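Q: If it helps, the file is called upload21.txt and holds compact mmCIF, C-alpha atoms (C1' of nucleotides):
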# COMPACT_ATOMS: atom_id res chain seq x y z
CA MET A 1 104.84 -46.36 29.91
CA SER A 2 102.65 -49.11 28.69
CA SER A 3 100.80 -48.76 25.45
CA LEU A 4 97.23 -49.73 24.92
CA THR A 5 98.46 -52.41 22.57
CA LYS A 6 100.47 -53.95 25.38
CA VAL A 7 97.56 -53.72 27.81
CA ILE A 8 95.22 -55.44 25.40
CA GLY A 9 97.83 -58.02 24.52
CA ASP A 10 98.41 -58.79 28.18
CA TYR A 11 94.69 -59.04 28.76
CA ILE A 12 94.37 -61.62 26.02
CA VAL A 13 97.23 -63.57 27.55
CA THR A 14 95.42 -63.64 30.90
CA LEU A 15 92.41 -65.09 29.11
CA PHE A 16 94.62 -67.98 28.10
CA SER A 17 95.87 -68.59 31.60
CA GLU A 18 92.43 -68.32 33.21
CA ASN A 19 91.18 -71.38 31.42
CA SER A 20 94.55 -72.95 31.68
CA SER A 21 93.37 -76.14 30.10
CA GLN A 22 92.17 -74.16 27.14
CA SER A 23 94.62 -73.42 24.41
CA GLU A 24 92.25 -71.12 22.66
CA VAL A 25 90.32 -67.98 23.34
CA VAL A 26 87.32 -66.63 21.49
CA LEU A 27 86.38 -62.98 21.53
CA ARG A 28 84.35 -60.29 19.90
CA ARG A 29 86.33 -57.53 18.28
CA LYS A 30 83.66 -54.96 18.97
CA ASP A 31 83.34 -55.86 22.64
CA LEU A 32 87.07 -55.84 23.25
CA ALA A 33 87.36 -52.46 21.57
CA GLU A 34 84.56 -51.16 23.75
CA LYS A 35 86.10 -52.59 26.90
CA PHE A 36 89.34 -50.76 26.23
CA GLY A 37 87.78 -47.69 24.69
CA CYS A 38 89.49 -47.87 21.35
CA VAL A 39 88.55 -48.26 17.73
CA PRO A 40 87.95 -51.84 16.60
CA SER A 41 90.81 -51.86 14.18
CA GLN A 42 93.17 -51.45 17.10
CA ILE A 43 92.37 -55.04 17.96
CA ASN A 44 93.62 -56.09 14.56
CA TYR A 45 96.84 -54.31 15.24
CA VAL A 46 97.27 -56.09 18.54
CA LEU A 47 96.66 -59.43 16.91
CA ARG A 48 98.98 -58.70 14.02
CA SER A 49 101.79 -57.54 16.25
CA ARG A 50 101.46 -59.90 19.20
CA PHE A 51 99.66 -63.04 18.13
CA SER A 52 101.14 -63.94 14.79
CA PRO A 53 101.93 -67.46 13.61
CA GLU A 54 105.58 -66.57 14.07
CA GLN A 55 104.80 -66.17 17.73
CA GLY A 56 103.04 -69.50 17.95
CA PHE A 57 99.45 -68.40 17.50
CA LEU A 58 96.86 -69.16 14.88
CA ILE A 59 93.86 -66.98 14.32
CA GLN A 60 90.48 -67.74 12.84
CA SER A 61 87.79 -65.18 12.48
CA GLN A 62 84.40 -64.65 11.01
CA ARG A 63 82.71 -61.47 9.92
CA GLY A 64 79.02 -60.73 9.88
CA GLY A 65 76.33 -61.78 12.32
CA HIS A 66 77.72 -63.69 15.29
CA GLY A 67 81.18 -62.80 14.15
CA PHE A 68 84.15 -63.73 16.32
CA ILE A 69 87.89 -63.91 16.56
CA ARG A 70 89.44 -67.13 17.79
CA ILE A 71 93.04 -67.14 18.94
CA MET A 72 94.72 -70.51 19.27
CA GLN A 73 97.95 -71.15 21.02
CA LEU A 74 99.80 -74.22 19.90
CA ARG A 75 101.91 -75.39 22.77
CA PHE A 76 103.79 -78.65 22.91
CA GLY A 77 106.89 -77.66 24.75
CA ASP A 78 108.46 -74.74 26.49
CA CYS A 79 111.39 -73.95 24.31
CA GLY A 80 112.23 -70.28 24.26
CA GLU A 81 115.81 -71.27 24.73
CA TYR A 82 115.63 -73.87 22.04
CA ALA A 83 114.19 -71.30 19.66
CA GLU A 84 117.09 -68.96 20.30
CA HIS A 85 119.47 -71.79 19.68
CA LEU A 86 117.82 -72.44 16.35
CA GLU A 87 118.18 -68.83 15.32
CA ASP A 88 121.88 -69.07 16.01
CA LEU A 89 122.16 -72.30 14.10
CA VAL A 90 120.56 -70.86 11.01
CA GLY A 91 122.28 -67.52 11.20
CA ASP A 92 121.82 -64.64 8.76
CA ALA A 93 122.39 -66.69 5.66
CA ILE A 94 122.32 -70.39 4.94
CA SER A 95 122.99 -72.49 1.88
CA GLU A 96 120.58 -74.96 0.46
CA GLN A 97 122.85 -77.78 1.51
CA ASP A 98 123.24 -76.60 5.06
CA SER A 99 119.54 -76.05 5.44
CA ARG A 100 118.90 -79.56 4.29
CA ARG A 101 121.48 -80.92 6.69
CA LEU A 102 119.89 -79.03 9.54
CA MET A 103 116.48 -80.36 8.73
CA VAL A 104 117.68 -83.91 8.52
CA SER A 105 119.26 -83.56 11.91
CA LEU A 106 116.13 -82.00 13.38
CA GLN A 107 114.06 -84.81 12.01
CA GLU A 108 116.43 -87.42 13.37
CA ARG A 109 116.15 -85.86 16.78
CA GLY A 110 112.38 -85.96 16.55
CA ALA A 111 111.97 -82.18 16.58
CA ILE A 112 110.02 -82.29 13.36
CA SER A 113 108.11 -85.03 11.60
CA PRO A 114 109.00 -86.30 8.14
CA ARG A 115 105.93 -84.57 6.73
CA GLU A 116 106.93 -81.32 8.36
CA ARG A 117 110.37 -81.61 6.91
CA LEU A 118 108.95 -82.28 3.48
CA LEU A 119 106.76 -79.26 3.88
CA VAL A 120 109.65 -76.98 4.79
CA GLU A 121 111.73 -78.28 1.93
CA VAL A 122 108.95 -77.55 -0.52
CA ALA A 123 108.59 -74.03 0.84
CA LEU A 124 112.33 -73.38 0.67
CA ARG A 125 112.66 -74.77 -2.80
CA ASN A 126 109.75 -72.70 -3.98
CA GLN A 127 111.29 -69.52 -2.64
CA GLU A 128 114.66 -70.39 -4.10
CA GLU A 129 113.19 -70.98 -7.51
CA GLN A 130 111.17 -67.82 -7.55
CA GLY A 131 114.08 -65.77 -6.34
CA ARG A 132 116.22 -67.15 -9.12
CA VAL A 133 113.77 -67.26 -12.01
CA LEU A 134 111.37 -64.48 -11.27
CA PHE A 135 113.52 -61.84 -9.63
CA ASP A 136 116.96 -62.88 -10.70
CA LEU A 137 118.33 -62.53 -7.18
CA PRO A 138 122.03 -63.07 -6.53
CA PRO A 139 123.02 -66.18 -4.56
CA TYR A 140 123.80 -64.33 -1.36
CA LYS A 141 120.42 -62.66 -1.27
CA ARG A 142 118.80 -66.03 -1.77
CA ASP A 143 120.80 -67.40 1.14
CA THR A 144 119.65 -64.63 3.44
CA MET A 145 116.07 -65.05 2.37
CA ARG A 146 116.37 -68.78 2.94
CA ALA A 147 117.69 -68.12 6.42
CA GLU A 148 114.83 -65.78 7.19
CA LEU A 149 112.15 -68.18 6.08
CA LEU A 150 113.79 -71.11 7.81
CA LYS A 151 114.08 -69.23 11.07
CA LYS A 152 110.49 -68.08 11.00
CA ILE A 153 109.29 -71.59 10.40
CA LEU A 154 111.51 -73.35 12.91
CA VAL A 155 110.95 -70.81 15.62
CA SER A 156 107.21 -70.90 15.21
CA LEU A 157 107.31 -74.68 15.38
CA ALA A 158 109.56 -74.64 18.41
CA MET A 159 107.17 -72.33 20.23
CA SER A 160 104.09 -74.21 19.23
CA MET B 1 76.66 -67.20 21.57
CA SER B 2 76.38 -69.40 18.58
CA SER B 3 74.68 -68.62 15.31
CA LEU B 4 71.68 -70.58 14.16
CA THR B 5 73.64 -71.64 11.12
CA LYS B 6 76.29 -73.20 13.34
CA VAL B 7 73.70 -74.93 15.49
CA ILE B 8 72.00 -76.46 12.48
CA GLY B 9 75.33 -77.39 10.93
CA ASP B 10 76.42 -79.10 14.12
CA TYR B 11 73.13 -80.96 14.29
CA ILE B 12 73.62 -82.32 10.79
CA VAL B 13 77.10 -83.44 11.72
CA THR B 14 75.70 -85.40 14.66
CA LEU B 15 73.36 -87.13 12.24
CA PHE B 16 76.42 -88.38 10.42
CA SER B 17 78.10 -89.69 13.54
CA GLU B 18 74.95 -91.39 14.82
CA ASN B 19 74.84 -93.75 11.89
CA SER B 20 78.56 -93.94 11.84
CA SER B 21 78.61 -96.57 9.16
CA GLN B 22 76.59 -94.33 6.90
CA SER B 23 78.36 -91.69 4.91
CA GLU B 24 75.13 -89.99 4.00
CA VAL B 25 72.20 -88.33 5.66
CA VAL B 26 68.75 -87.67 4.25
CA LEU B 27 66.45 -84.98 5.55
CA ARG B 28 63.45 -82.83 4.89
CA ARG B 29 64.03 -79.13 4.51
CA LYS B 30 60.67 -78.14 5.95
CA ASP B 31 61.00 -80.34 9.02
CA LEU B 32 64.47 -79.14 9.81
CA ALA B 33 63.37 -75.54 9.45
CA GLU B 34 60.48 -76.18 11.78
CA LYS B 35 62.67 -77.95 14.32
CA PHE B 36 64.93 -74.93 14.52
CA GLY B 37 62.24 -72.32 14.07
CA CYS B 38 63.59 -70.67 10.98
CA VAL B 39 62.59 -70.10 7.39
CA PRO B 40 63.28 -73.02 5.06
CA SER B 41 65.77 -71.13 2.96
CA GLN B 42 67.99 -70.94 6.00
CA ILE B 43 68.62 -74.63 5.50
CA ASN B 44 69.90 -73.94 2.02
CA TYR B 45 72.22 -71.39 3.47
CA VAL B 46 73.55 -73.87 6.00
CA LEU B 47 74.16 -76.40 3.26
CA ARG B 48 75.82 -73.90 0.97
CA SER B 49 78.08 -72.55 3.69
CA ARG B 50 78.90 -75.70 5.66
CA PHE B 51 78.48 -78.71 3.41
CA SER B 52 80.06 -77.61 0.17
CA PRO B 53 82.30 -79.73 -2.03
CA GLU B 54 85.22 -77.71 -0.67
CA GLN B 55 84.35 -79.10 2.70
CA GLY B 56 84.07 -82.62 1.42
CA PHE B 57 80.33 -82.99 0.88
CA LEU B 58 78.02 -83.51 -2.06
CA ILE B 59 74.31 -82.80 -2.05
CA GLN B 60 71.40 -84.25 -3.97
CA SER B 61 67.80 -83.22 -3.58
CA GLN B 62 64.36 -83.68 -4.96
CA ARG B 63 61.38 -81.34 -4.90
CA GLY B 64 57.69 -82.11 -4.76
CA GLY B 65 55.84 -84.62 -2.63
CA HIS B 66 58.22 -86.87 -0.69
CA GLY B 67 60.96 -84.43 -1.50
CA PHE B 68 64.27 -84.76 0.31
CA ILE B 69 67.78 -83.48 0.69
CA ARG B 70 70.59 -86.02 0.74
CA ILE B 71 73.99 -85.00 2.06
CA MET B 72 76.88 -87.27 1.17
CA GLN B 73 80.32 -87.21 2.65
CA LEU B 74 82.99 -87.42 -0.03
CA ARG B 75 85.86 -89.74 0.35
CA PHE B 76 88.95 -89.66 -1.71
CA GLY B 77 90.24 -93.01 -2.72
CA ASP B 78 93.86 -92.78 -3.61
CA CYS B 79 96.24 -89.90 -3.13
CA GLY B 80 96.39 -88.93 -6.77
CA GLU B 81 92.72 -88.19 -6.85
CA TYR B 82 92.87 -86.24 -3.66
CA ALA B 83 95.80 -84.22 -4.94
CA GLU B 84 93.93 -83.33 -8.11
CA HIS B 85 90.95 -82.23 -6.12
CA LEU B 86 93.19 -79.99 -4.07
CA GLU B 87 94.71 -78.43 -7.16
CA ASP B 88 91.25 -77.61 -8.43
CA LEU B 89 90.25 -76.16 -5.10
CA VAL B 90 93.23 -73.84 -4.95
CA GLY B 91 93.08 -72.81 -8.58
CA ASP B 92 95.41 -70.36 -10.29
CA ALA B 93 95.04 -67.64 -7.70
CA ILE B 94 93.82 -67.64 -4.14
CA SER B 95 93.31 -64.93 -1.56
CA GLU B 96 94.82 -65.00 1.87
CA GLN B 97 91.39 -65.52 3.38
CA ASP B 98 90.46 -68.35 1.07
CA SER B 99 93.74 -70.08 1.68
CA ARG B 100 93.20 -69.82 5.40
CA ARG B 101 89.70 -71.17 5.07
CA LEU B 102 90.94 -74.11 3.06
CA MET B 103 93.57 -74.92 5.62
CA VAL B 104 91.14 -74.67 8.49
CA SER B 105 88.88 -77.07 6.70
CA LEU B 106 91.75 -79.45 5.94
CA GLN B 107 92.84 -79.35 9.53
CA GLU B 108 89.34 -79.98 10.78
CA ARG B 109 89.12 -82.99 8.52
CA GLY B 110 92.41 -84.28 9.82
CA ALA B 111 94.22 -83.93 6.52
CA ILE B 112 96.88 -81.77 8.14
CA SER B 113 97.95 -81.31 11.73
CA PRO B 114 97.80 -77.99 13.58
CA ARG B 115 101.58 -77.76 13.42
CA GLU B 116 101.55 -78.37 9.71
CA ARG B 117 98.97 -75.69 9.30
CA LEU B 118 101.03 -73.29 11.36
CA LEU B 119 104.00 -74.08 9.20
CA VAL B 120 102.11 -73.40 5.99
CA GLU B 121 100.72 -70.16 7.35
CA VAL B 122 104.17 -68.94 8.25
CA ALA B 123 105.47 -69.83 4.81
CA LEU B 124 102.56 -68.11 3.08
CA ARG B 125 102.84 -65.02 5.23
CA ASN B 126 106.54 -64.82 4.58
CA GLN B 127 106.03 -64.97 0.84
CA GLU B 128 103.21 -62.45 1.01
CA GLU B 129 105.28 -60.02 3.00
CA GLN B 130 108.31 -60.30 0.79
CA GLY B 131 106.19 -59.94 -2.32
CA ARG B 132 104.63 -56.83 -0.92
CA VAL B 133 107.54 -55.16 0.81
CA LEU B 134 110.58 -56.34 -1.11
CA PHE B 135 109.30 -56.60 -4.65
CA ASP B 136 106.23 -54.42 -4.49
CA LEU B 137 104.14 -57.01 -6.30
CA PRO B 138 100.51 -56.21 -7.15
CA PRO B 139 97.81 -58.10 -5.25
CA TYR B 140 96.91 -60.38 -8.13
CA LYS B 141 100.44 -61.53 -8.62
CA ARG B 142 100.66 -62.28 -4.92
CA ASP B 143 97.48 -64.33 -5.19
CA THR B 144 98.89 -66.40 -8.01
CA MET B 145 102.13 -66.95 -6.16
CA ARG B 146 100.20 -67.93 -3.07
CA ALA B 147 98.24 -70.46 -5.11
CA GLU B 148 101.44 -71.92 -6.53
CA LEU B 149 103.09 -72.34 -3.18
CA LEU B 150 99.96 -73.70 -1.56
CA LYS B 151 99.45 -76.25 -4.30
CA LYS B 152 103.03 -77.42 -4.15
CA ILE B 153 102.80 -77.87 -0.41
CA LEU B 154 99.41 -79.53 -0.25
CA VAL B 155 100.07 -81.82 -3.16
CA SER B 156 103.37 -82.93 -1.72
CA LEU B 157 101.67 -83.63 1.59
CA ALA B 158 98.82 -85.48 -0.05
CA MET B 159 101.22 -87.73 -1.85
CA SER B 160 103.52 -88.27 1.07
C1' DA C 1 45.62 -84.59 -18.57
C1' DA C 2 44.73 -80.83 -15.64
C1' DA C 3 44.52 -79.04 -11.29
C1' DA C 4 45.91 -78.98 -6.69
C1' DC C 5 49.23 -79.77 -3.45
C1' DA C 6 53.79 -80.43 -1.49
C1' DT C 7 58.34 -79.62 -1.53
C1' DG C 8 62.79 -77.69 -2.51
C1' DG C 9 65.58 -73.55 -4.93
C1' DT C 10 67.04 -68.66 -5.90
C1' DC C 11 67.86 -64.18 -5.12
C1' DA C 12 68.27 -60.02 -2.93
C1' DA C 13 67.66 -56.89 1.04
C1' DA C 14 68.71 -55.82 5.75
C1' DA C 15 71.33 -56.35 9.80
C1' DT C 16 75.60 -57.30 11.84
C1' DA C 17 80.48 -57.60 12.40
C1' DA C 18 85.21 -58.09 10.96
C1' DG C 19 89.30 -56.50 7.71
C1' DT C 20 92.21 -53.08 5.17
C1' DC C 21 94.73 -49.16 4.40
C1' DA C 22 96.74 -45.01 4.90
C1' DA C 23 97.28 -40.82 7.54
C1' DT C 24 98.87 -39.28 11.86
C1' DA C 25 100.88 -39.48 16.34
C1' DA C 26 103.96 -41.03 19.72
C1' DG C 27 108.20 -43.31 21.04
C1' DT C 28 113.11 -44.76 20.20
C1' DT C 29 117.46 -44.78 18.22
C1' DT C 30 121.25 -42.65 15.97
C1' DA D 1 116.92 -33.30 15.54
C1' DA D 2 116.49 -36.60 11.94
C1' DA D 3 115.32 -41.13 10.93
C1' DC D 4 113.09 -45.02 12.13
C1' DT D 5 109.80 -47.88 14.44
C1' DT D 6 105.55 -48.70 16.74
C1' DA D 7 100.83 -47.33 17.94
C1' DT D 8 96.29 -45.01 17.17
C1' DT D 9 92.42 -43.67 14.39
C1' DG D 10 88.80 -43.58 11.19
C1' DA D 11 86.89 -43.92 6.50
C1' DC D 12 85.97 -47.37 3.49
C1' DT D 13 85.53 -52.42 2.18
C1' DT D 14 84.22 -57.12 2.55
C1' DA D 15 81.95 -61.08 4.61
C1' DT D 16 78.23 -63.70 7.12
C1' DT D 17 73.74 -64.51 8.76
C1' DT D 18 68.86 -64.03 8.67
C1' DT D 19 64.53 -63.34 6.35
C1' DG D 20 61.03 -63.29 2.89
C1' DA D 21 59.04 -62.93 -1.66
C1' DC D 22 58.85 -65.40 -5.73
C1' DC D 23 60.20 -69.53 -8.75
C1' DA D 24 60.63 -74.58 -10.19
C1' DT D 25 59.56 -79.22 -9.94
C1' DG D 26 57.66 -83.42 -8.23
C1' DT D 27 53.38 -86.21 -6.59
C1' DT D 28 48.55 -86.96 -5.88
C1' DT D 29 43.88 -86.17 -6.83
C1' DT D 30 40.17 -85.19 -9.83
Once you've parsed the file, please lay out its structure as structure tokens.
A:
Amino acid sequence: MSSLTKVIGDYIVTLFSENSSQSEVVLRRKDLAEKFGCVPSQINYVLRSRFSPEQGFLIQSQRGGHGFIRIMQLRFGDCGEYAEHLEDLVGDAISEQDSRRLMVSLQERGAISPRERLLVEVALRNQEEQGRVLFDLPPYKRDTMRAELLKKILVSLAMS
Amino acid sequence: MSSLTKVIGDYIVTLFSENSSQSEVVLRRKDLAEKFGCVPSQINYVLRSRFSPEQGFLIQSQRGGHGFIRIMQLRFGDCGEYAEHLEDLVGDAISEQDSRRLMVSLQERGAISPRERLLVEVALRNQEEQGRVLFDLPPYKRDTMRAELLKKILVSLAMS
DNA sequence: AAAACATGGTCAAAATAAGTCAATAAGTTT
DNA sequence: AAACTTATTGACTTATTTTGACCATGTTTT
């Protein structure tokens, strides 16, 4: 049985493939909702659950007159497999040292740019510091949280 | 369909690229309003919403006979200055929406790449979610933490 | 200098459209 | 069947655009 959410999600995906050269799609929340006979907020749910940054999409929107929702797909490579591999590499928990080693190796292989690596390191360090200072988290918890953040970031980049 | 505000904003942008050596454009509110068939105050709205300091513009104007509106494109000299400007823009607390707007604007101005923006969005979302779900932080606290992370990231990028 | 004229600015109302949140409902897993 | 996850809904909130009435400030004419 296919849920409305899936139907709408699939529909949006076809919009991407129709204009195959396009890597973005612009739509009206109200119109989409009408087309599928649902409440407008259902569209938000579809977007939240199927078109998140973690899944390689970026969304811009505007309220008010002439409002719109723009969904952008960032695609550089086809790397579902690569993404899985990354998830394995990171695992459920990862130390600060290992994460740094991984990033260095990714950068050396050209998977991420130096700026991107810097950016990830800042994000990881920030989380580490807040976990330690603000919430007094134990080391293991910080390692699992580091792994989670790292995976989200790397996977989204791999799929973009 | 495109809003009048966008049309007028785009038109002003073309004025900048026409005289590409110029980093400023001078116009007459009344004439512009007439050209686009709208009330003059619509022009003020366009300027306020599309050519703000946040978006890298400064505006001077003069009333009375021979009045004018001058739009100047800001340019940041060295990185330090740019970084300070960013810190001011983000402030001590920033909403999810405002942070997204800032990043869209930075991306449009070429300050960050789409991948970098994706990366930041994933990091921000991750922190937001953990703050909400794991630590049950109140909205304001999440806004301050978002501002901190965003500033760290943007400043490090600006100085890289 | 005063009056008249020419501009631009502010503010708020109305219209339009998207976002949030929490209560249910419907599926899935254990 | 209990617990958990995912989907659906709608009441309420927030944001953007458009418009117009009224205000402020220069320049030109008298």
Q: Within 7 Å of chain D, which residues of chain A come that close, and what is the closest atom pair and distance in Å for each? Count only C-alpha atoms (C1' of nucleotides) and give it as a Markdown table.
A:
| residue | atom | partner | partner_atom | distance |
| --- | --- | --- | --- | --- |
| A:Val39 | CA | D:DT9 | C1' | 6.9 |
| A:Arg63 | CA | D:DA15 | C1' | 5.4 |
| A:Gly64 | CA | D:DT16 | C1' | 4.1 |
| A:Gly65 | CA | D:DT17 | C1' | 5.2 |
Q: Please report as a PyMOL selection string which residues of chain C come no farther than 12 Å from chain A, using all atoms listed in the file.
A: chain C and resi 14-21+26-27
Q: Matching each Cα of chain B to its counterpart in chain A by order, what RMSD results from the least-squares fit?
A: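 The RMSD between chain B and chain A over C-alpha atoms is 11.3 Å.
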Q: Tell me the residues of chain B close to chain A, meaning within 10 Å using all atoms listed in the file, as a PyMOL selection string.
A: chain B and resi 1-6+97+100-101+104+112-127+130+135+145+148-150+152-154+156-158+160
Q: How far is it from atom C1' of C:DG8 to atom CA of B:Gln73, in Å with one decimal?
A: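 So the answer is 20.6 Å.
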Q: Distance atom CA of B:Ile94-atom CA of B:Thr144, one decimal place?
A: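 Atom CA of B:Thr144 lies 6.5 Å from atom CA of B:Ile94.
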Q: In Å to one decimal, how far is atom CA of B:Lys141 from atom CA of B:Gly91?
A: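 About the pair atom CA of B:Gly91 and atom CA of B:Lys141: they are 13.5 Å apart.
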Q: Would you mind telling me which residue in B:Val25, B:Leu89, B:Ile8, B:Leu32 lies nearest to B:Ser49 when using only C-alpha atoms?
A: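 Using only C-alpha atoms, the shortest distance to B:Ser49 belongs to B:Ile8.
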Q: Mind completing stretch 133-145 of chain B with N, CA and C atoms? Output as a PDB file, keeping the file's coordinate frame, please?
A:
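As written to disk, rebuild-v4.pdb reads:
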ATOM      1  N   VAL B 133     106.561 -56.122   0.350  1.00  0.00           N
ATOM      2  CA  VAL B 133     107.540 -55.160   0.810  1.00  0.00           C
ATOM      3  C   VAL B 133     108.781 -55.104  -0.092  1.00  0.00           C
ATOM      4  N   LEU B 134     109.293 -56.287  -0.416  1.00  0.00           N
ATOM      5  CA  LEU B 134     110.580 -56.340  -1.110  1.00  0.00           C
ATOM      6  C   LEU B 134     110.444 -56.091  -2.603  1.00  0.00           C
ATOM      7  N   PHE B 135     109.413 -56.676  -3.191  1.00  0.00           N
ATOM      8  CA  PHE B 135     109.300 -56.600  -4.650  1.00  0.00           C
ATOM      9  C   PHE B 135     108.123 -55.775  -5.114  1.00  0.00           C
ATOM     10  N   ASP B 136     107.339 -55.286  -4.149  1.00  0.00           N
ATOM     11  CA  ASP B 136     106.230 -54.420  -4.490  1.00  0.00           C
ATOM     12  C   ASP B 136     105.314 -55.050  -5.545  1.00  0.00           C
ATOM     13  N   LEU B 137     104.985 -56.313  -5.336  1.00  0.00           N
ATOM     14  CA  LEU B 137     104.140 -57.010  -6.300  1.00  0.00           C
ATOM     15  C   LEU B 137     102.677 -56.593  -6.132  1.00  0.00           C
ATOM     16  N   PRO B 138     101.941 -56.534  -7.234  1.00  0.00           N
ATOM     17  CA  PRO B 138     100.510 -56.210  -7.150  1.00  0.00           C
ATOM     18  C   PRO B 138      99.749 -57.379  -6.530  1.00  0.00           C
ATOM     19  N   PRO B 139      98.591 -57.089  -5.946  1.00  0.00           N
ATOM     20  CA  PRO B 139      97.810 -58.100  -5.250  1.00  0.00           C
ATOM     21  C   PRO B 139      97.563 -59.364  -6.079  1.00  0.00           C
ATOM     22  N   TYR B 140      97.244 -59.188  -7.362  1.00  0.00           N
ATOM     23  CA  TYR B 140      96.910 -60.380  -8.130  1.00  0.00           C
ATOM     24  C   TYR B 140      98.096 -61.317  -8.258  1.00  0.00           C
ATOM     25  N   LYS B 141      99.238 -60.706  -8.494  1.00  0.00           N
ATOM     26  CA  LYS B 141     100.440 -61.530  -8.620  1.00  0.00           C
ATOM     27  C   LYS B 141     100.696 -62.290  -7.314  1.00  0.00           C
ATOM     28  N   ARG B 142     100.455 -61.617  -6.208  1.00  0.00           N
ATOM     29  CA  ARG B 142     100.660 -62.280  -4.920  1.00  0.00           C
ATOM     30  C   ARG B 142      99.674 -63.435  -4.753  1.00  0.00           C
ATOM     31  N   ASP B 143      98.460 -63.247  -5.287  1.00  0.00           N
ATOM     32  CA  ASP B 143      97.480 -64.330  -5.190  1.00  0.00           C
ATOM     33  C   ASP B 143      97.889 -65.533  -6.037  1.00  0.00           C
ATOM     34  N   THR B 144      98.473 -65.268  -7.183  1.00  0.00           N
ATOM     35  CA  THR B 144      98.890 -66.400  -8.010  1.00  0.00           C
ATOM     36  C   THR B 144     100.083 -67.106  -7.368  1.00  0.00           C
ATOM     37  N   MET B 145     100.979 -66.316  -6.810  1.00  0.00           N
ATOM     38  CA  MET B 145     102.130 -66.950  -6.160  1.00  0.00           C
ATOM     39  C   MET B 145     101.696 -67.735  -4.935  1.00  0.00           C
TER      40      MET B 145
END
